[in-house]
file my_file_10.pdb (PDB, C-alpha atoms, pLDDT in the B column)
ATOM      1  CA  MET A 462      34.074  31.647 101.329  1.00 43.00           C
ATOM      2  CA  ARG A 463      36.147  29.989 104.083  1.00 43.00           C
ATOM      3  CA  PHE A 464      37.879  27.852 101.498  1.00 38.00           C
ATOM      4  CA  LEU A 465      38.638  30.962  99.412  1.00 36.00           C
ATOM      5  CA  LYS A 466      40.151  32.789 102.398  1.00 39.00           C
ATOM      6  CA  SER A 467      42.249  29.766 103.297  1.00 42.00           C
ATOM      7  CA  GLY A 468      43.409  29.455  99.729  1.00 41.00           C
ATOM      8  CA  LEU A 469      44.483  33.101  99.653  1.00 37.00           C
ATOM      9  CA  LEU A 470      46.357  32.615 102.938  1.00 38.00           C
ATOM     10  CA  LEU A 471      48.168  29.614 101.544  1.00 38.00           C
ATOM     11  CA  ALA A 472      49.110  31.497  98.383  1.00 40.00           C
ATOM     12  CA  ALA A 473      50.449  34.436 100.380  1.00 39.00           C
ATOM     13  CA  VAL A 474      52.473  32.182 102.669  1.00 38.00           C
ATOM     14  CA  THR A 475      53.848  30.229  99.715  1.00 39.00           C
ATOM     15  CA  MET A 476      55.120  33.445  98.100  1.00 37.00           C
ATOM     16  CA  LEU A 477      56.510  34.750 101.379  1.00 39.00           C
ATOM     17  CA  LEU A 478      58.565  31.744 102.370  1.00 39.00           C
ATOM     18  CA  PRO A 479      61.268  31.922  99.661  1.00 39.00           C
ATOM     19  CA  VAL A 480      61.861  35.584 100.490  1.00 38.00           C
ATOM     20  CA  VAL A 481      62.151  35.437 104.263  1.00 38.00           C
ATOM     21  CA  ALA A 482      64.050  32.145 104.214  1.00 45.00           C
ATOM     22  CA  GLY A 483      66.946  34.010 102.586  1.00 58.00           C
ATOM     23  CA  ALA A 484      67.626  36.417 105.477  1.00 75.00           C
ATOM     24  CA  ALA A 485      70.463  35.083 107.628  1.00 88.00           C
ATOM     25  CA  THR A 486      73.770  35.749 109.336  1.00 90.00           C
ATOM     26  CA  PHE A 487      76.842  34.055 107.897  1.00 92.00           C
ATOM     27  CA  ASN A 488      79.311  33.231 110.686  1.00 95.00           C
ATOM     28  CA  SER A 489      82.519  31.770 109.325  1.00 96.00           C
ATOM     29  CA  ASN A 490      86.070  30.698 110.115  1.00 97.00           C
ATOM     30  CA  ALA A 491      89.186  30.703 107.952  1.00 97.00           C
ATOM     31  CA  ILE A 492      90.066  27.179 106.851  1.00 97.00           C
ATOM     32  CA  PRO A 493      92.978  25.674 104.866  1.00 96.00           C
ATOM     33  CA  PRO A 494      94.339  26.588 102.386  1.00 95.00           C
ATOM     34  CA  SER A 495      93.899  30.170 103.684  1.00 96.00           C
ATOM     35  CA  ASN A 496      97.311  31.843 103.588  1.00 95.00           C
ATOM     36  CA  PHE A 497      99.150  35.165 103.483  1.00 94.00           C
ATOM     37  CA  GLY A 498     101.985  35.265 100.955  1.00 93.00           C
ATOM     38  CA  LEU A 499     104.863  37.665 100.355  1.00 90.00           C
ATOM     39  CA  GLU A 500     107.105  37.868  97.293  1.00 93.00           C
ATOM     40  CA  ILE A 501     110.003  40.310  96.908  1.00 89.00           C
ATOM     41  CA  THR A 502     111.881  40.979  93.670  1.00 91.00           C
ATOM     42  CA  THR A 503     114.303  43.695  92.588  1.00 88.00           C
ATOM     43  CA  ASN A 504     114.474  45.577  89.306  1.00 88.00           C
ATOM     44  CA  GLY A 505     116.988  43.948  87.004  1.00 85.00           C
ATOM     45  CA  ASN A 506     117.248  41.030  89.437  1.00 83.00           C
ATOM     46  CA  VAL A 507     119.997  42.859  91.293  1.00 83.00           C
ATOM     47  CA  LEU A 508     119.193  40.689  94.295  1.00 84.00           C
ATOM     48  CA  PRO A 509     117.736  37.156  94.288  1.00 87.00           C
ATOM     49  CA  SER A 510     113.939  37.057  94.568  1.00 91.00           C
ATOM     50  CA  ALA A 511     112.374  35.574  97.695  1.00 93.00           C
ATOM     51  CA  SER A 512     108.942  34.425  98.753  1.00 95.00           C
ATOM     52  CA  GLY A 513     107.123  32.720 101.589  1.00 95.00           C
ATOM     53  CA  SER A 514     103.715  32.368 103.217  1.00 96.00           C
ATOM     54  CA  GLY A 515     101.966  31.775 106.521  1.00 96.00           C
ATOM     55  CA  ALA A 516      98.631  30.169 107.326  1.00 97.00           C
ATOM     56  CA  ILE A 517      95.696  32.449 108.163  1.00 97.00           C
ATOM     57  CA  THR A 518      93.318  31.762 111.065  1.00 97.00           C
ATOM     58  CA  GLY A 519      90.411  33.828 112.339  1.00 97.00           C
ATOM     59  CA  SER A 520      86.713  34.473 111.876  1.00 97.00           C
ATOM     60  CA  ALA A 521      84.252  36.775 110.117  1.00 96.00           C
ATOM     61  CA  SER A 522      80.552  37.548 110.061  1.00 96.00           C
ATOM     62  CA  THR A 523      78.104  39.289 107.713  1.00 94.00           C
ATOM     63  CA  ASP A 524      74.345  39.425 107.164  1.00 93.00           C
ATOM     64  CA  LEU A 525      73.085  37.763 103.982  1.00 92.00           C
ATOM     65  CA  THR A 526      69.864  38.115 102.066  1.00 91.00           C
ATOM     66  CA  THR A 527      69.597  35.516  99.322  1.00 90.00           C
ATOM     67  CA  SER A 528      67.311  34.438  96.538  1.00 90.00           C
ATOM     68  CA  ALA A 529      67.798  32.183  93.538  1.00 91.00           C
ATOM     69  CA  THR A 530      69.171  35.100  91.495  1.00 94.00           C
ATOM     70  CA  ASN A 531      70.714  37.495  94.023  1.00 94.00           C
ATOM     71  CA  VAL A 532      72.792  37.640  97.171  1.00 94.00           C
ATOM     72  CA  THR A 533      73.243  40.819  99.216  1.00 95.00           C
ATOM     73  CA  THR A 534      75.628  41.290 102.124  1.00 94.00           C
ATOM     74  CA  THR A 535      74.896  43.917 104.760  1.00 94.00           C
ATOM     75  CA  GLY A 536      77.913  45.084 106.707  1.00 94.00           C
ATOM     76  CA  GLY A 537      80.379  42.528 107.920  1.00 95.00           C
ATOM     77  CA  SER A 538      83.838  42.310 109.436  1.00 96.00           C
ATOM     78  CA  GLY A 539      86.553  39.846 110.320  1.00 96.00           C
ATOM     79  CA  SER A 540      89.706  39.486 112.404  1.00 97.00           C
ATOM     80  CA  PHE A 541      92.558  37.258 111.269  1.00 97.00           C
ATOM     81  CA  SER A 542      96.066  36.248 112.349  1.00 97.00           C
ATOM     82  CA  VAL A 543      98.974  35.081 110.215  1.00 96.00           C
ATOM     83  CA  ALA A 544     101.382  32.378 111.323  1.00 97.00           C
ATOM     84  CA  THR A 545     105.004  33.545 111.594  1.00 96.00           C
ATOM     85  CA  PHE A 546     107.116  32.793 108.513  1.00 95.00           C
ATOM     86  CA  SER A 547     110.485  33.762 107.043  1.00 95.00           C
ATOM     87  CA  ILE A 548     111.845  34.474 103.574  1.00 93.00           C
ATOM     88  CA  PRO A 549     115.486  34.365 102.416  1.00 91.00           C
ATOM     89  CA  PHE A 550     115.861  38.056 101.522  1.00 84.00           C
ATOM     90  CA  LEU A 551     118.976  39.994 102.588  1.00 79.00           C
ATOM     91  CA  GLY A 552     119.744  37.154 104.898  1.00 86.00           C
ATOM     92  CA  THR A 553     116.578  36.109 106.653  1.00 90.00           C
ATOM     93  CA  THR A 554     113.518  38.347 106.873  1.00 90.00           C
ATOM     94  CA  THR A 555     110.804  37.203 109.271  1.00 93.00           C
ATOM     95  CA  LEU A 556     107.161  38.269 109.450  1.00 93.00           C
ATOM     96  CA  GLN A 557     105.969  37.757 113.004  1.00 94.00           C
ATOM     97  CA  ASN A 558     102.580  38.082 114.749  1.00 94.00           C
ATOM     98  CA  PHE A 559     100.745  39.668 111.822  1.00 92.00           C
ATOM     99  CA  ALA A 560      97.076  40.558 112.363  1.00 94.00           C
ATOM    100  CA  LEU A 561      94.492  41.741 109.834  1.00 92.00           C
ATOM    101  CA  GLU A 562      91.129  43.463 110.242  1.00 95.00           C
ATOM    102  CA  VAL A 563      88.648  43.339 107.357  1.00 95.00           C
ATOM    103  CA  ALA A 564      85.591  45.582 107.004  1.00 96.00           C
ATOM    104  CA  LEU A 565      83.084  45.013 104.202  1.00 95.00           C
ATOM    105  CA  PRO A 566      81.142  47.886 102.613  1.00 95.00           C
ATOM    106  CA  ALA A 567      77.649  48.738 103.920  1.00 96.00           C
ATOM    107  CA  THR A 568      76.066  46.580 101.205  1.00 96.00           C
ATOM    108  CA  ILE A 569      77.214  44.409  98.307  1.00 97.00           C
ATOM    109  CA  SER A 570      74.483  43.230  95.921  1.00 97.00           C
ATOM    110  CA  THR A 571      75.340  40.526  93.396  1.00 97.00           C
ATOM    111  CA  ASN A 572      73.079  39.103  90.706  1.00 97.00           C
ATOM    112  CA  GLY A 573      73.568  35.684  89.146  1.00 96.00           C
ATOM    113  CA  SER A 574      73.210  32.183  90.528  1.00 95.00           C
ATOM    114  CA  ASP A 575      74.889  30.045  93.160  1.00 95.00           C
ATOM    115  CA  PRO A 576      77.885  30.196  93.371  1.00 96.00           C
ATOM    116  CA  PHE A 577      77.821  34.005  93.269  1.00 96.00           C
ATOM    117  CA  HIS A 578      80.816  36.244  92.578  1.00 98.00           C
ATOM    118  CA  PRO A 579      80.593  39.374  94.760  1.00 97.00           C
ATOM    119  CA  ASP A 580      82.909  42.256  93.887  1.00 97.00           C
ATOM    120  CA  LEU A 581      84.549  43.308  97.155  1.00 95.00           C
ATOM    121  CA  LYS A 582      85.402  46.816  95.957  1.00 96.00           C
ATOM    122  CA  GLY A 583      85.502  49.202  98.889  1.00 95.00           C
ATOM    123  CA  THR A 584      86.454  46.496 101.378  1.00 95.00           C
ATOM    124  CA  VAL A 585      89.007  47.880 103.834  1.00 93.00           C
ATOM    125  CA  ILE A 586      91.888  45.666 104.967  1.00 92.00           C
ATOM    126  CA  THR A 587      93.988  46.947 107.872  1.00 92.00           C
ATOM    127  CA  VAL A 588      97.263  45.391 108.990  1.00 91.00           C
ATOM    128  CA  ASN A 589      97.398  46.686 112.548  1.00 92.00           C
ATOM    129  CA  LYS A 590      99.830  44.285 114.170  1.00 94.00           C
ATOM    130  CA  GLY A 591     103.021  42.524 113.172  1.00 92.00           C
ATOM    131  CA  LEU A 592     106.772  42.849 113.018  1.00 92.00           C
ATOM    132  CA  VAL A 593     109.144  42.627 110.066  1.00 89.00           C
ATOM    133  CA  LEU A 594     112.411  41.358 111.511  1.00 91.00           C
ATOM    134  CA  GLN A 595     115.845  41.005 109.989  1.00 85.00           C
ATOM    135  CA  GLY A 596     118.348  39.212 112.149  1.00 79.00           C
ATOM    136  CA  THR A 597     117.872  40.677 115.622  1.00 80.00           C
ATOM    137  CA  GLY A 598     116.587  44.040 114.403  1.00 87.00           C
ATOM    138  CA  THR A 599     113.071  45.290 113.680  1.00 89.00           C
ATOM    139  CA  LEU A 600     112.580  46.780 110.221  1.00 84.00           C
ATOM    140  CA  PHE A 601     108.924  47.674 110.695  1.00 86.00           C
ATOM    141  CA  ASP A 602     106.283  47.549 113.427  1.00 91.00           C
ATOM    142  CA  PHE A 603     102.716  47.598 112.087  1.00 89.00           C
ATOM    143  CA  SER A 604     101.254  48.201 115.544  1.00 92.00           C
ATOM    144  CA  LYS A 605     102.906  51.628 115.469  1.00 92.00           C
ATOM    145  CA  THR A 606     102.153  52.366 111.822  1.00 89.00           C
ATOM    146  CA  PRO A 607      99.148  50.358 110.576  1.00 90.00           C
ATOM    147  CA  THR A 608      98.760  49.871 106.838  1.00 88.00           C
ATOM    148  CA  VAL A 609      95.318  50.333 105.306  1.00 90.00           C
ATOM    149  CA  VAL A 610      94.389  49.037 101.836  1.00 89.00           C
ATOM    150  CA  THR A 611      91.030  49.493 100.087  1.00 92.00           C
ATOM    151  CA  ALA A 612      90.059  46.804  97.574  1.00 92.00           C
ATOM    152  CA  PRO A 613      89.605  48.214  94.049  1.00 93.00           C
ATOM    153  CA  THR A 614      86.814  47.462  91.594  1.00 95.00           C
ATOM    154  CA  GLY A 615      87.193  43.967  90.170  1.00 95.00           C
ATOM    155  CA  THR A 616      88.177  42.260  93.436  1.00 94.00           C
ATOM    156  CA  LEU A 617      86.004  39.241  92.702  1.00 96.00           C
ATOM    157  CA  SER A 618      85.281  36.502  95.228  1.00 96.00           C
ATOM    158  CA  THR A 619      83.260  33.271  95.128  1.00 97.00           C
ATOM    159  CA  LEU A 620      80.380  32.836  97.572  1.00 95.00           C
ATOM    160  CA  ASN A 621      78.847  29.371  97.475  1.00 95.00           C
ATOM    161  CA  ILE A 622      75.572  29.318  99.408  1.00 90.00           C
ATOM    162  CA  ALA A 623      75.109  25.553  99.005  1.00 91.00           C
ATOM    163  CA  THR A 624      78.469  24.662 100.544  1.00 93.00           C
ATOM    164  CA  GLU A 625      78.574  27.696 102.880  1.00 93.00           C
ATOM    165  CA  THR A 626      82.037  28.732 101.687  1.00 96.00           C
ATOM    166  CA  TRP A 627      83.409  32.096 100.591  1.00 96.00           C
ATOM    167  CA  THR A 628      86.719  32.175  98.706  1.00 97.00           C
ATOM    168  CA  ILE A 629      88.410  35.584  98.680  1.00 94.00           C
ATOM    169  CA  PRO A 630      91.655  36.156  96.740  1.00 92.00           C
ATOM    170  CA  PHE A 631      93.379  39.530  97.101  1.00 88.00           C
ATOM    171  CA  THR A 632      96.658  40.872  95.713  1.00 88.00           C
ATOM    172  CA  SER A 633      98.456  44.093  96.623  1.00 85.00           C
ATOM    173  CA  THR A 634     101.576  45.321  94.798  1.00 85.00           C
ATOM    174  CA  SER A 635     103.910  48.112  95.907  1.00 82.00           C
ATOM    175  CA  THR A 636     107.328  49.404  94.846  1.00 84.00           C
ATOM    176  CA  LEU A 637     109.988  51.160  96.878  1.00 76.00           C
ATOM    177  CA  THR A 638     113.592  52.171  96.389  1.00 78.00           C
ATOM    178  CA  THR A 639     116.347  51.357  98.843  1.00 71.00           C
ATOM    179  CA  ALA A 640     120.042  52.034  98.272  1.00 72.00           C
ATOM    180  CA  GLY A 641     119.177  52.968  94.699  1.00 82.00           C
ATOM    181  CA  ILE A 642     117.592  49.574  94.031  1.00 82.00           C
ATOM    182  CA  GLY A 643     113.942  49.229  92.995  1.00 86.00           C
ATOM    183  CA  VAL A 644     112.199  46.678  95.181  1.00 85.00           C
ATOM    184  CA  ASN A 645     108.854  45.160  94.200  1.00 89.00           C
ATOM    185  CA  ILE A 646     106.660  43.737  96.961  1.00 87.00           C
ATOM    186  CA  VAL A 647     103.679  41.530  96.146  1.00 90.00           C
ATOM    187  CA  ILE A 648     101.320  40.498  98.945  1.00 88.00           C
ATOM    188  CA  THR A 649      98.719  37.829  98.250  1.00 90.00           C
ATOM    189  CA  THR A 650      95.922  36.913 100.607  1.00 91.00           C
ATOM    190  CA  ASP A 651      94.017  33.738  99.762  1.00 93.00           C
ATOM    191  CA  LEU A 652      91.183  33.502 102.251  1.00 94.00           C
ATOM    192  CA  VAL A 653      88.768  30.570 102.367  1.00 97.00           C
ATOM    193  CA  LEU A 654      85.888  31.022 104.803  1.00 96.00           C
ATOM    194  CA  HIS A 655      83.590  28.203 105.834  1.00 97.00           C
ATOM    195  CA  GLY A 656      80.716  28.692 108.191  1.00 93.00           C
ATOM    196  CA  MET A 657      77.101  28.340 109.034  1.00 86.00           C
ATOM    197  CA  VAL A 658      74.195  30.367 107.724  1.00 77.00           C
ATOM    198  CA  VAL A 659      72.070  31.167 110.793  1.00 74.00           C
ATOM    199  CA  PRO A 660      68.532  32.461 110.069  1.00 66.00           C
ATOM    200  CA  GLU A 661      67.709  35.711 111.852  1.00 54.00           C
ATOM    201  CA  PRO A 662      65.109  35.486 114.681  1.00 52.00           C
ATOM    202  CA  GLY A 663      62.572  37.458 112.662  1.00 45.00           C
ATOM    203  CA  THR A 664      63.043  35.095 109.745  1.00 42.00           C
ATOM    204  CA  LEU A 665      62.438  32.051 111.933  1.00 42.00           C
ATOM    205  CA  LEU A 666      59.298  33.652 113.341  1.00 45.00           C
ATOM    206  CA  LEU A 667      57.875  34.390 109.908  1.00 43.00           C
ATOM    207  CA  LEU A 668      58.819  30.939 108.670  1.00 43.00           C
ATOM    208  CA  GLY A 669      57.111  29.341 111.664  1.00 49.00           C
ATOM    209  CA  ALA A 670      53.993  31.442 111.106  1.00 47.00           C
ATOM    210  CA  GLY A 671      53.937  30.408 107.475  1.00 46.00           C
ATOM    211  CA  LEU A 672      54.235  26.714 108.275  1.00 45.00           C
ATOM    212  CA  THR A 673      51.516  27.059 110.920  1.00 51.00           C
ATOM    213  CA  GLY A 674      49.225  28.612 108.316  1.00 47.00           C
ATOM    214  CA  ILE A 675      49.820  25.734 105.927  1.00 44.00           C
ATOM    215  CA  VAL A 676      49.110  23.125 108.623  1.00 47.00           C
ATOM    216  CA  ALA A 677      45.936  24.959 109.691  1.00 49.00           C
ATOM    217  CA  PHE A 678      44.741  25.155 106.110  1.00 44.00           C
ATOM    218  CA  SER A 679      45.419  21.436 105.607  1.00 50.00           C
ATOM    219  CA  ARG A 680      43.388  20.531 108.721  1.00 50.00           C
ATOM    220  CA  ARG A 681      40.435  22.727 107.691  1.00 53.00           C
ATOM    221  CA  LYS A 682      40.414  21.148 104.262  1.00 49.00           C
ATOM    222  CA  LYS A 683      40.275  17.649 105.738  1.00 50.00           C
ATOM    223  CA  SER A 684      37.387  18.593 108.059  1.00 52.00           C
ATOM    224  CA  GLU A 685      35.224  20.074 105.258  1.00 56.00           C
TER     225      GLU A 685
END

call {"tool": "encode", "arguments": {"input": "my_file_10.pdb", "output": "structure tokens"}}
result
Amino acid sequence: MRFLKSGLLLAAVTMLLPVVAGAATFNSNAIPPSNFGLEITTNGNVLPSASGSGAITGSASTDLTTSATNVTTTGGSGSFSVATFSIPFLGTTTLQNFALEVALPATISTNGSDPFHPDLKGTVITVNKGLVLQGTGTLFDFSKTPTVVTAPTGTLSTLNIATETWTIPFTSTSTLTTAGIGVNIVITTDLVLHGMVVPEPGTLLLLGAGLTGIVAFSRRKKSE
């Protein structure tokens, strides 16, 4: 009877371990080649096109629950800065001190296998700091008028659990008219996050209890 009880304990622990081992917090930092790019063109090429980019730095965090066939994020946010850069448009246009805030949806559940491809639809990106300068004048101040963009369906990313990296490409296109000229603005954000998956305290406790049960069972078996 004792052997039967121990066997059942071992079986229960063995089934439990893969589940609880997947609960963790993913703390990450932006690494190269993370960058924020801007391209400006005009309808009919009335003015020469221009483009440029600045490196992105910053950090993010989200809770992960993983298995061999699914990964689920719970909440999550990040804060990032963009290095100052200039583009040759209407003289010289400079993007200075840009800052981005990213907020993930409450949950994102993705089936498949590692690497997974979560759809970031519903993710909110807020540009809440930064100046667009032309010469000595300020064209736009994002700290006074933040811009908020919500990622549409089909904003696919690549989350690699084995290498602890999350690659997130995002493109936003807008059109405006100035002096009767149609201006097309394309913003690309290529974010590469690398971090560490840190098991939650409850997960570590359950894992420790499971390992203790296995060791205890092994010792009982040797003594019988």

call {"tool": "closest_residue", "arguments": {"input": "my_file_10.pdb", "among": "A:Phe497, A:Phe487, A:Phe603, A:Phe559", "to": "A:Ile629", "atoms": "all atoms listed in the file"}}
result
A:Phe497

call {"tool": "residues_around", "arguments": {"input": "my_file_10.pdb", "residues": "A:Thr634", "least_positions_apart": "5", "cutoff": "12 Å", "atoms": "all atoms listed in the file", "output": "compact mmCIF listing (two decimals) with C-alpha atoms, keeping the file's coordinate frame"}}
result
# COMPACT_ATOMS: atom_id res chain seq x y z
CA GLY A 498 101.98 35.26 100.96
CA LEU A 499 104.86 37.66 100.36
CA GLU A 500 107.10 37.87 97.29
CA ILE A 501 110.00 40.31 96.91
CA THR A 502 111.88 40.98 93.67
CA VAL A 610 94.39 49.04 101.84
CA ALA A 612 90.06 46.80 97.57
CA VAL A 644 112.20 46.68 95.18
CA ASN A 645 108.85 45.16 94.20
CA ILE A 646 106.66 43.74 96.96
CA VAL A 647 103.68 41.53 96.15
CA ILE A 648 101.32 40.50 98.94
CA THR A 649 98.72 37.83 98.25
CA THR A 650 95.92 36.91 100.61

call {"tool": "residues_around", "arguments": {"input": "my_file_10.pdb", "residues": "A:Asp575", "least_positions_apart": "4", "cutoff": "9 Å", "atoms": "all atoms listed in the file", "output": "PDB file with C-alpha atoms, keeping the file's coordinate frame"}}
result
ATOM      1  CA  ALA A 529      67.798  32.183  93.538  1.00 91.00           C
ATOM      2  CA  THR A 530      69.171  35.100  91.495  1.00 94.00           C
ATOM      3  CA  ASN A 531      70.714  37.495  94.023  1.00 94.00           C
ATOM      4  CA  VAL A 532      72.792  37.640  97.171  1.00 94.00           C
ATOM      5  CA  LEU A 620      80.380  32.836  97.572  1.00 95.00           C
ATOM      6  CA  ASN A 621      78.847  29.371  97.475  1.00 95.00           C
ATOM      7  CA  ILE A 622      75.572  29.318  99.408  1.00 90.00           C
ATOM      8  CA  ALA A 623      75.109  25.553  99.005  1.00 91.00           C
TER       9      ALA A 623
END

call {"tool": "closest_residue", "arguments": {"input": "my_file_10.pdb", "among": "A:Ile586, A:Ser510, A:Leu525, A:Val609", "to": "A:Glu625", "atoms": "only C-alpha atoms"}}
result
A:Leu525

call {"tool": "resolve_selection", "arguments": {"input": "my_file_10.pdb", "expression": "the PyMOL selection byres ((chain A and resi 657) around 6)", "output": "VMD selection string"}}
result
chain A and resid 487 to 488 656 658

call {"tool": "residues_near_point", "arguments": {"input": "my_file_10.pdb", "point": "(90.1, 44.8, 90.2)", "cutoff": "10 Å", "atoms": "all atoms listed in the file", "output": "list in words"}}
result
Asp580, Leu581, Lys582, Ala612, Pro613, Thr614, Gly615, Thr616, Leu617, Phe631 and Thr632 of chain A

call {"tool": "atom_distance", "arguments": {"input": "my_file_10.pdb", "atom1": "atom CA of A:Ala491", "atom2": "atom CA of A:Phe550"}}
result
28.4 Å

call {"tool": "resolve_selection", "arguments": {"input": "my_file_10.pdb", "expression": "the PyMOL selection byres ((chain A and resi 522) around 8)", "output": "PyMOL selection string"}}
result
chain A and resi 486-489+520-521+523-524+537-539

call {"tool": "decode", "arguments": {"input": "my_file_10.pdb", "residues": "stretch 615-632 of chain A", "atoms": "N, CA and C atoms", "output": "PDB file, in the first residue's frame"}}
result
ATOM      1  N   GLY A 615      -2.952  41.023 -37.014  1.00  0.00           N
ATOM      2  CA  GLY A 615      -1.918  40.646 -37.976  1.00  0.00           C
ATOM      3  C   GLY A 615      -0.562  41.240 -37.676  1.00  0.00           C
ATOM      4  N   THR A 616      -0.429  41.883 -36.487  1.00  0.00           N
ATOM      5  CA  THR A 616       0.871  42.425 -36.076  1.00  0.00           C
ATOM      6  C   THR A 616       1.663  41.290 -35.431  1.00  0.00           C
ATOM      7  N   LEU A 617       2.257  40.454 -36.262  1.00  0.00           N
ATOM      8  CA  LEU A 617       2.916  39.246 -35.777  1.00  0.00           C
ATOM      9  C   LEU A 617       4.327  39.528 -35.265  1.00  0.00           C
ATOM     10  N   SER A 618       4.694  38.836 -34.205  1.00  0.00           N
ATOM     11  CA  SER A 618       6.026  38.936 -33.624  1.00  0.00           C
ATOM     12  C   SER A 618       6.599  37.529 -33.516  1.00  0.00           C
ATOM     13  N   THR A 619       7.853  37.430 -33.096  1.00  0.00           N
ATOM     14  CA  THR A 619       8.493  36.117 -32.921  1.00  0.00           C
ATOM     15  C   THR A 619       9.060  36.023 -31.513  1.00  0.00           C
ATOM     16  N   LEU A 620       8.490  35.127 -30.716  1.00  0.00           N
ATOM     17  CA  LEU A 620       8.931  34.916 -29.340  1.00  0.00           C
ATOM     18  C   LEU A 620       9.624  33.565 -29.251  1.00  0.00           C
ATOM     19  N   ASN A 621      10.937  33.610 -29.011  1.00  0.00           N
ATOM     20  CA  ASN A 621      11.733  32.395 -28.939  1.00  0.00           C
ATOM     21  C   ASN A 621      12.054  32.102 -27.473  1.00  0.00           C
ATOM     22  N   ILE A 622      11.384  31.104 -26.919  1.00  0.00           N
ATOM     23  CA  ILE A 622      11.570  30.770 -25.506  1.00  0.00           C
ATOM     24  C   ILE A 622      12.983  30.239 -25.254  1.00  0.00           C
ATOM     25  N   ALA A 623      13.494  29.445 -26.190  1.00  0.00           N
ATOM     26  CA  ALA A 623      14.815  28.827 -25.999  1.00  0.00           C
ATOM     27  C   ALA A 623      15.926  29.861 -25.912  1.00  0.00           C
ATOM     28  N   THR A 624      15.853  30.891 -26.749  1.00  0.00           N
ATOM     29  CA  THR A 624      16.907  31.907 -26.766  1.00  0.00           C
ATOM     30  C   THR A 624      16.539  33.150 -25.954  1.00  0.00           C
ATOM     31  N   GLU A 625      15.317  33.149 -25.394  1.00  0.00           N
ATOM     32  CA  GLU A 625      14.828  34.267 -24.580  1.00  0.00           C
ATOM     33  C   GLU A 625      14.890  35.592 -25.338  1.00  0.00           C
ATOM     34  N   THR A 626      14.415  35.557 -26.593  1.00  0.00           N
ATOM     35  CA  THR A 626      14.349  36.769 -27.407  1.00  0.00           C
ATOM     36  C   THR A 626      12.942  36.941 -27.972  1.00  0.00           C
ATOM     37  N   TRP A 627      12.558  38.197 -28.137  1.00  0.00           N
ATOM     38  CA  TRP A 627      11.245  38.532 -28.697  1.00  0.00           C
ATOM     39  C   TRP A 627      11.467  39.616 -29.732  1.00  0.00           C
ATOM     40  N   THR A 628      11.216  39.283 -31.008  1.00  0.00           N
ATOM     41  CA  THR A 628      11.407  40.218 -32.110  1.00  0.00           C
ATOM     42  C   THR A 628      10.058  40.785 -32.515  1.00  0.00           C
ATOM     43  N   ILE A 629       9.942  42.127 -32.479  1.00  0.00           N
ATOM     44  CA  ILE A 629       8.658  42.781 -32.706  1.00  0.00           C
ATOM     45  C   ILE A 629       8.807  43.839 -33.799  1.00  0.00           C
ATOM     46  N   PRO A 630       8.334  43.543 -35.017  1.00  0.00           N
ATOM     47  CA  PRO A 630       8.332  44.569 -36.071  1.00  0.00           C
ATOM     48  C   PRO A 630       6.982  45.282 -36.085  1.00  0.00           C
ATOM     49  N   PHE A 631       6.989  46.586 -36.326  1.00  0.00           N
ATOM     50  CA  PHE A 631       5.739  47.339 -36.375  1.00  0.00           C
ATOM     51  C   PHE A 631       5.879  48.478 -37.370  1.00  0.00           C
ATOM     52  N   THR A 632       4.859  48.653 -38.218  1.00  0.00           N
ATOM     53  CA  THR A 632       4.875  49.712 -39.221  1.00  0.00           C
ATOM     54  C   THR A 632       3.598  50.534 -39.136  1.00  0.00           C
TER      55      THR A 632
END
